[in-house]
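Source file: my_file_6.tsv (TSV, N, CA, C and O atoms)
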```tsv
chain	number	residue	atom	x	y	z
A	150	MET	N	209.21	19.34	195.10
A	150	MET	CA	209.49	20.68	194.64
A	150	MET	C	208.79	21.69	195.54
A	150	MET	O	207.69	21.46	196.01
A	151	ASP	N	209.39	22.78	195.72
A	151	ASP	CA	208.86	23.85	196.54
A	151	ASP	C	207.70	24.53	195.83
A	151	ASP	O	207.72	24.73	194.61
A	152	VAL	N	206.66	24.90	196.56
A	152	VAL	CA	205.49	25.54	195.98
A	152	VAL	C	205.87	26.86	195.31
A	152	VAL	O	205.37	27.20	194.23
A	153	GLU	N	206.79	27.57	195.92
A	153	GLU	CA	207.23	28.85	195.36
A	153	GLU	C	207.89	28.66	193.99
A	153	GLU	O	207.68	29.46	193.08
A	154	LYS	N	208.66	27.59	193.84
A	154	LYS	CA	209.31	27.32	192.56
A	154	LYS	C	208.28	26.95	191.50
A	154	LYS	O	208.40	27.35	190.34
A	155	ILE	N	207.27	26.19	191.88
A	155	ILE	CA	206.22	25.79	190.94
A	155	ILE	C	205.45	27.02	190.46
A	155	ILE	O	205.24	27.21	189.26
A	156	VAL	N	205.06	27.87	191.40
A	156	VAL	CA	204.31	29.08	191.04
A	156	VAL	C	205.17	29.99	190.16
A	156	VAL	O	204.70	30.56	189.18
A	157	SER	N	206.45	30.08	190.48
A	157	SER	CA	207.36	30.91	189.70
A	157	SER	C	207.51	30.39	188.27
A	157	SER	O	207.50	31.17	187.32
A	158	SER	N	207.63	29.08	188.12
A	158	SER	CA	207.80	28.52	186.79
A	158	SER	C	206.52	28.65	185.96
A	158	SER	O	206.58	28.93	184.76
A	159	VAL	N	205.37	28.48	186.59
A	159	VAL	CA	204.10	28.65	185.87
A	159	VAL	C	203.93	30.11	185.45
A	159	VAL	O	203.54	30.41	184.32
A	160	ALA	N	204.25	31.04	186.35
A	160	ALA	CA	204.14	32.47	186.03
A	160	ALA	C	205.10	32.84	184.90
A	160	ALA	O	204.74	33.62	184.01
A	161	ASN	N	206.29	32.28	184.91
A	161	ASN	CA	207.28	32.53	183.86
A	161	ASN	C	206.78	32.02	182.51
A	161	ASN	O	206.90	32.69	181.49
A	162	PHE	N	206.19	30.82	182.52
A	162	PHE	CA	205.67	30.23	181.30
A	162	PHE	C	204.52	31.08	180.74
A	162	PHE	O	204.47	31.38	179.54
A	163	LEU	N	203.59	31.48	181.61
A	163	LEU	CA	202.46	32.28	181.17
A	163	LEU	C	202.90	33.64	180.66
A	163	LEU	O	202.31	34.18	179.72
A	164	GLU	N	203.93	34.20	181.28
A	164	GLU	CA	204.43	35.49	180.83
A	164	GLU	C	205.00	35.41	179.41
A	164	GLU	O	204.88	36.34	178.63
A	165	ARG	N	205.57	34.26	179.08
A	165	ARG	CA	206.13	34.10	177.73
A	165	ARG	C	205.06	33.87	176.67
A	165	ARG	O	205.22	34.31	175.53
A	166	ILE	N	203.98	33.15	177.01
A	166	ILE	CA	202.99	32.84	175.97
A	166	ILE	C	201.84	33.84	175.91
A	166	ILE	O	201.05	33.80	174.98
A	167	MET	N	201.74	34.73	176.89
A	167	MET	CA	200.63	35.67	176.92
A	167	MET	C	200.53	36.56	175.68
A	167	MET	O	199.42	36.79	175.18
A	168	PRO	N	201.64	37.08	175.13
A	168	PRO	CA	201.49	37.89	173.90
A	168	PRO	C	200.88	37.10	172.74
A	168	PRO	O	200.08	37.64	171.97
A	169	PHE	N	201.21	35.82	172.62
A	169	PHE	CA	200.65	35.01	171.53
A	169	PHE	C	199.17	34.73	171.76
A	169	PHE	O	198.36	34.80	170.83
A	170	LEU	N	198.80	34.44	173.00
A	170	LEU	CA	197.39	34.25	173.31
A	170	LEU	C	196.60	35.54	173.10
A	170	LEU	O	195.45	35.51	172.67
A	171	SER	N	197.23	36.66	173.38
A	171	SER	CA	196.58	37.95	173.17
A	171	SER	C	196.32	38.20	171.69
A	171	SER	O	195.27	38.73	171.32
A	172	LEU	N	197.27	37.85	170.84
A	172	LEU	CA	197.06	38.01	169.39
A	172	LEU	C	195.91	37.15	168.90
A	172	LEU	O	195.10	37.59	168.07
A	173	ILE	N	195.80	35.94	169.43
A	173	ILE	CA	194.67	35.07	169.05
A	173	ILE	C	193.36	35.69	169.52
A	173	ILE	O	192.37	35.73	168.78
A	174	SER	N	193.35	36.21	170.75
A	174	SER	CA	192.15	36.84	171.29
A	174	SER	C	191.73	38.05	170.47
A	174	SER	O	190.54	38.24	170.19
A	175	ILE	N	192.69	38.87	170.08
A	175	ILE	CA	192.38	40.06	169.28
A	175	ILE	C	191.81	39.65	167.93
A	175	ILE	O	190.84	40.23	167.44
A	176	THR	N	192.40	38.64	167.31
A	176	THR	CA	191.91	38.18	166.01
A	176	THR	C	190.48	37.67	166.09
A	176	THR	O	189.64	38.02	165.26
A	177	VAL	N	190.19	36.86	167.10
A	177	VAL	CA	188.84	36.32	167.25
A	177	VAL	C	187.84	37.44	167.52
A	177	VAL	O	186.75	37.46	166.93
A	178	ASN	N	188.21	38.39	168.36
A	178	ASN	CA	187.28	39.47	168.67
A	178	ASN	C	187.10	40.43	167.50
A	178	ASN	O	186.02	41.02	167.35
A	179	LEU	N	188.11	40.61	166.67
A	179	LEU	CA	187.92	41.39	165.44
A	179	LEU	C	186.89	40.73	164.54
A	179	LEU	O	186.04	41.41	163.95
A	180	PHE	N	186.96	39.42	164.45
A	180	PHE	CA	185.97	38.68	163.68
A	180	PHE	C	184.57	38.89	164.27
A	180	PHE	O	183.60	39.11	163.53
A	181	HIS	N	184.46	38.86	165.58
A	181	HIS	CA	183.16	39.09	166.23
A	181	HIS	C	182.62	40.48	165.92
A	181	HIS	O	181.43	40.64	165.65
A	182	VAL	N	183.49	41.48	165.98
A	182	VAL	CA	183.06	42.85	165.69
A	182	VAL	C	182.59	42.96	164.25
A	182	VAL	O	181.57	43.59	163.96
A	183	ILE	N	183.31	42.33	163.33
A	183	ILE	CA	182.92	42.38	161.92
A	183	ILE	C	181.54	41.75	161.73
A	183	ILE	O	180.68	42.30	161.03
A	184	VAL	N	181.31	40.61	162.35
A	184	VAL	CA	180.02	39.93	162.20
A	184	VAL	C	178.91	40.73	162.88
A	184	VAL	O	177.82	40.89	162.31
A	185	LEU	N	179.20	41.25	164.08
A	185	LEU	CA	178.14	41.92	164.83
A	185	LEU	C	177.80	43.32	164.31
A	185	LEU	O	176.78	43.88	164.68
A	186	THR	N	178.65	43.89	163.47
A	186	THR	CA	178.34	45.22	162.93
A	186	THR	C	177.61	45.18	161.60
A	186	THR	O	177.42	46.22	160.97
A	187	ARG	N	177.18	44.02	161.18
A	187	ARG	CA	176.35	43.94	159.97
A	187	ARG	C	175.01	44.62	160.25
A	187	ARG	O	174.51	44.59	161.36
A	188	LYS	N	174.43	45.22	159.22
A	188	LYS	CA	173.18	45.97	159.41
A	188	LYS	C	172.06	45.10	159.95
A	188	LYS	O	171.25	45.54	160.75
A	189	THR	N	171.99	43.86	159.52
A	189	THR	CA	170.90	42.99	159.96
A	189	THR	C	171.08	42.55	161.41
A	189	THR	O	170.11	42.14	162.04
A	190	VAL	N	172.27	42.65	161.95
A	190	VAL	CA	172.53	42.17	163.30
A	190	VAL	C	172.47	43.31	164.33
A	190	VAL	O	172.12	43.08	165.48
A	191	THR	N	172.77	44.53	163.94
A	191	THR	CA	172.87	45.64	164.90
A	191	THR	C	171.52	46.16	165.38
A	191	THR	O	171.48	47.06	166.21
A	192	SER	N	170.43	45.61	164.91
A	192	SER	CA	169.11	46.11	165.33
A	192	SER	C	168.81	45.77	166.78
A	192	SER	O	168.02	46.46	167.43
A	193	SER	N	169.41	44.77	167.33
A	193	SER	CA	169.17	44.36	168.71
A	193	SER	C	170.10	45.10	169.67
A	193	SER	O	171.30	45.26	169.40
A	194	SER	N	169.57	45.53	170.81
A	194	SER	CA	170.40	46.21	171.80
A	194	SER	C	171.40	45.24	172.44
A	194	SER	O	172.49	45.64	172.86
A	195	MET	N	171.05	43.98	172.50
A	195	MET	CA	171.97	42.98	173.06
A	195	MET	C	173.20	42.84	172.16
A	195	MET	O	174.32	42.72	172.65
A	196	ASN	N	172.99	42.89	170.85
A	196	ASN	CA	174.13	42.79	169.94
A	196	ASN	C	175.02	44.03	170.03
A	196	ASN	O	176.23	43.94	169.88
A	197	THR	N	174.43	45.19	170.29
A	197	THR	CA	175.22	46.40	170.49
A	197	THR	C	176.09	46.25	171.74
A	197	THR	O	177.25	46.66	171.75
A	198	LEU	N	175.53	45.66	172.78
A	198	LEU	CA	176.30	45.39	174.00
A	198	LEU	C	177.44	44.41	173.71
A	198	LEU	O	178.57	44.59	174.18
A	199	LEU	N	177.17	43.39	172.91
A	199	LEU	CA	178.21	42.42	172.55
A	199	LEU	C	179.33	43.08	171.73
A	199	LEU	O	180.49	42.70	171.85
A	200	ILE	N	178.98	44.06	170.90
A	200	ILE	CA	180.00	44.80	170.14
A	200	ILE	C	180.91	45.54	171.11
A	200	ILE	O	182.14	45.52	170.98
A	201	GLY	N	180.32	46.18	172.11
A	201	GLY	CA	181.12	46.89	173.11
A	201	GLY	C	182.04	45.96	173.88
A	201	GLY	O	183.21	46.28	174.13
A	202	ILE	N	181.53	44.80	174.26
A	202	ILE	CA	182.35	43.82	174.97
A	202	ILE	C	183.50	43.35	174.08
A	202	ILE	O	184.65	43.21	174.54
A	203	ALA	N	183.23	43.12	172.81
A	203	ALA	CA	184.28	42.67	171.89
A	203	ALA	C	185.36	43.73	171.72
A	203	ALA	O	186.55	43.42	171.66
A	204	ILE	N	184.95	44.99	171.67
A	204	ILE	CA	185.93	46.08	171.52
A	204	ILE	C	186.82	46.16	172.76
A	204	ILE	O	188.04	46.31	172.67
A	205	VAL	N	186.22	46.03	173.95
A	205	VAL	CA	187.01	46.04	175.17
A	205	VAL	C	187.95	44.82	175.20
A	205	VAL	O	189.11	44.92	175.62
A	206	ASP	N	187.46	43.68	174.73
A	206	ASP	CA	188.30	42.48	174.68
A	206	ASP	C	189.42	42.61	173.66
A	206	ASP	O	190.41	41.89	173.74
A	207	ILE	N	189.27	43.48	172.70
A	207	ILE	CA	190.36	43.75	171.75
A	207	ILE	C	191.40	44.65	172.40
A	207	ILE	O	192.61	44.44	172.25
A	208	LEU	N	190.95	45.65	173.14
A	208	LEU	CA	191.88	46.62	173.72
A	208	LEU	C	192.64	46.10	174.94
A	208	LEU	O	193.79	46.46	175.14
A	209	SER	N	192.01	45.26	175.75
A	209	SER	CA	192.65	44.84	176.99
A	209	SER	C	193.91	43.98	176.80
A	209	SER	O	194.86	44.15	177.57
A	210	PRO	N	194.00	43.09	175.82
A	210	PRO	CA	195.24	42.32	175.68
A	210	PRO	C	196.40	43.10	175.08
A	210	PRO	O	197.51	42.60	175.00
A	211	MET	N	196.15	44.34	174.68
A	211	MET	CA	197.24	45.15	174.12
A	211	MET	C	198.38	45.32	175.12
A	211	MET	O	199.54	45.44	174.73
A	212	LEU	N	198.06	45.33	176.41
A	212	LEU	CA	199.09	45.47	177.44
A	212	LEU	C	200.06	44.28	177.40
A	212	LEU	O	201.27	44.47	177.49
A	213	TYR	N	199.53	43.09	177.22
A	213	TYR	CA	200.39	41.91	177.16
A	213	TYR	C	201.27	41.92	175.91
A	213	TYR	O	202.41	41.48	175.94
A	214	ILE	N	200.71	42.41	174.81
A	214	ILE	CA	201.50	42.49	173.58
A	214	ILE	C	202.62	43.51	173.75
A	214	ILE	O	203.76	43.27	173.35
A	215	LYS	N	202.31	44.64	174.40
A	215	LYS	CA	203.34	45.64	174.65
A	215	LYS	C	204.45	45.06	175.53
A	215	LYS	O	205.63	45.28	175.28
A	216	ARG	N	204.07	44.33	176.58
A	216	ARG	CA	205.07	43.70	177.45
A	216	ARG	C	205.92	42.70	176.66
A	216	ARG	O	207.13	42.62	176.88
A	217	GLY	N	205.31	41.94	175.78
A	217	GLY	CA	206.06	40.99	174.97
A	217	GLY	C	207.05	41.68	174.04
A	217	GLY	O	208.19	41.24	173.89
A	218	ILE	N	206.62	42.77	173.43
A	218	ILE	CA	207.51	43.53	172.55
A	218	ILE	C	208.65	44.13	173.35
A	218	ILE	O	209.81	44.11	172.92
A	219	ASP	N	208.33	44.68	174.53
A	219	ASP	CA	209.39	45.23	175.39
A	219	ASP	C	210.41	44.16	175.78
A	219	ASP	O	211.61	44.41	175.79
A	220	ARG	N	209.92	42.97	176.08
A	220	ARG	CA	210.82	41.87	176.45
A	220	ARG	C	211.74	41.50	175.28
A	220	ARG	O	212.94	41.29	175.45
A	221	ILE	N	211.18	41.44	174.08
A	221	ILE	CA	211.99	41.11	172.90
A	221	ILE	C	213.04	42.19	172.65
A	221	ILE	O	214.20	41.89	172.39
A	222	LEU	N	212.62	43.45	172.75
A	222	LEU	CA	213.57	44.54	172.53
A	222	LEU	C	214.65	44.58	173.60
A	222	LEU	O	215.81	44.87	173.29
A	223	ASP	N	214.31	44.28	174.85
A	223	ASP	CA	215.31	44.23	175.91
A	223	ASP	C	216.33	43.13	175.64
A	223	ASP	O	217.54	43.33	175.81
A	224	ASN	N	215.86	41.96	175.21
A	224	ASN	CA	216.78	40.88	174.89
A	224	ASN	C	217.66	41.24	173.70
A	224	ASN	O	218.83	40.88	173.65
A	225	PHE	N	217.09	41.94	172.72
A	225	PHE	CA	217.84	42.34	171.54
A	225	PHE	C	218.93	43.35	171.92
A	225	PHE	O	220.06	43.25	171.45
A	226	GLU	N	218.59	44.30	172.81
A	226	GLU	CA	219.60	45.27	173.26
A	226	GLU	C	220.71	44.58	174.04
A	226	GLU	O	221.88	44.93	173.88
A	227	ASP	N	220.36	43.60	174.88
A	227	ASP	CA	221.39	42.85	175.61
A	227	ASP	C	222.31	42.10	174.66
A	227	ASP	O	223.51	42.03	174.87
A	228	PHE	N	221.71	41.54	173.60
A	228	PHE	CA	222.50	40.81	172.62
A	228	PHE	C	223.54	41.71	171.98
A	228	PHE	O	224.72	41.38	171.89
A	229	TRP	N	223.13	42.91	171.54
A	229	TRP	CA	224.07	43.84	170.90
A	229	TRP	C	225.08	44.39	171.91
A	229	TRP	O	226.22	44.67	171.56
A	230	TYR	N	224.67	44.53	173.16
A	230	TYR	CA	225.61	44.99	174.18
A	230	TYR	C	226.72	43.98	174.37
A	230	TYR	O	227.91	44.34	174.42
A	231	TYR	N	226.39	42.70	174.44
A	231	TYR	CA	227.41	41.67	174.62
A	231	TYR	C	228.25	41.48	173.36
A	231	TYR	O	229.42	41.14	173.43
A	232	CYS	N	227.65	41.69	172.19
A	232	CYS	CA	228.41	41.56	170.94
A	232	CYS	C	229.42	42.68	170.79
A	232	CYS	O	230.44	42.51	170.09
A	233	SER	N	229.20	43.81	171.41
A	233	SER	CA	230.12	44.93	171.27
A	233	SER	C	231.47	44.65	171.93
A	233	SER	O	232.47	45.30	171.63
A	234	PHE	N	231.50	43.69	172.84
A	234	PHE	CA	232.77	43.36	173.53
A	234	PHE	C	233.59	42.32	172.78
A	234	PHE	O	234.71	42.03	173.16
A	235	LEU	N	233.04	41.76	171.73
A	235	LEU	CA	233.77	40.71	170.98
A	235	LEU	C	234.82	41.29	170.07
A	235	LEU	O	234.88	42.32	169.62
```
Let me see the file written as C-alpha cells.
Amino acid sequence: MDVEKIVSSVANFLERIMPFLSLISITVNLFHVIVLTRKTVTSSSMNTLLIGIAIVDILSPMLYIKRGIDRILDNFEDFWYYCSFL
C-alpha cells in the first residue's frame, strides 16, 4: 500500500472519531473542575493552576465538536438535496 493512502485513511478515521473523543475529554475535565473547585482543595496554588489547565482542556476540543456537527449537517443537507429529485 502506498504511504499516502495509509496516512489518508488514518487521517480520515481520526477525523470521524475526534468529536466523540472530544466529548469524553470534556466530560472528564468537567469532573476535574468540579473536584478541584472544592473549598478544601483550592487552597493550594498548584490546584488553581490545575483548574486553569482543565478549563483550557474543556474549551480546546470544542473545535472538533463544531467540525463534527458541521460534517453531520452537510451530510444531512446533501441527503435532502438528493431526495428532492425523487
Would you please extract all alpha helix (DSSP H) residues from region 152-203 of chain A, as assigned by DSSP on the backbone, and give them as a PyMOL selection string? chain A and resi 152-185+194-203
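Relative to atom O of Val156 (chain A), atom N of Ile207 (chain A) is found at 26.0 Å.
If only C-alpha atoms are the atoms counted, then among A:Asp206, A:Asp151, A:Ser158, A:Arg165 the closest residue to Ile218 (chain A) is A:Arg165.
Atom pair CA of Asn161 (chain A) / CA of Ser174 (chain A): separated by 20.1 Å.
Note that the spacing between atom C of Gly217 (chain A) and CA of Pro168 (chain A) amounts to 6.7 Å.
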Which residues are near region 179-191 of chain A? Cut-off 9 Å, only C-alpha atoms, ignore same chain within fewer than 6 positions. Put them as a PyMOL selection string. chain A and resi 197+199-201+203-204+207
Within 12 Å of Tyr213 (chain A), counting only C-alpha atoms, which residues show up once you throw out same-chain ones fewer than 3 positions away? Write them as a PyMOL selection string, please. chain A and resi 163-172+174-175+207-210+216-220
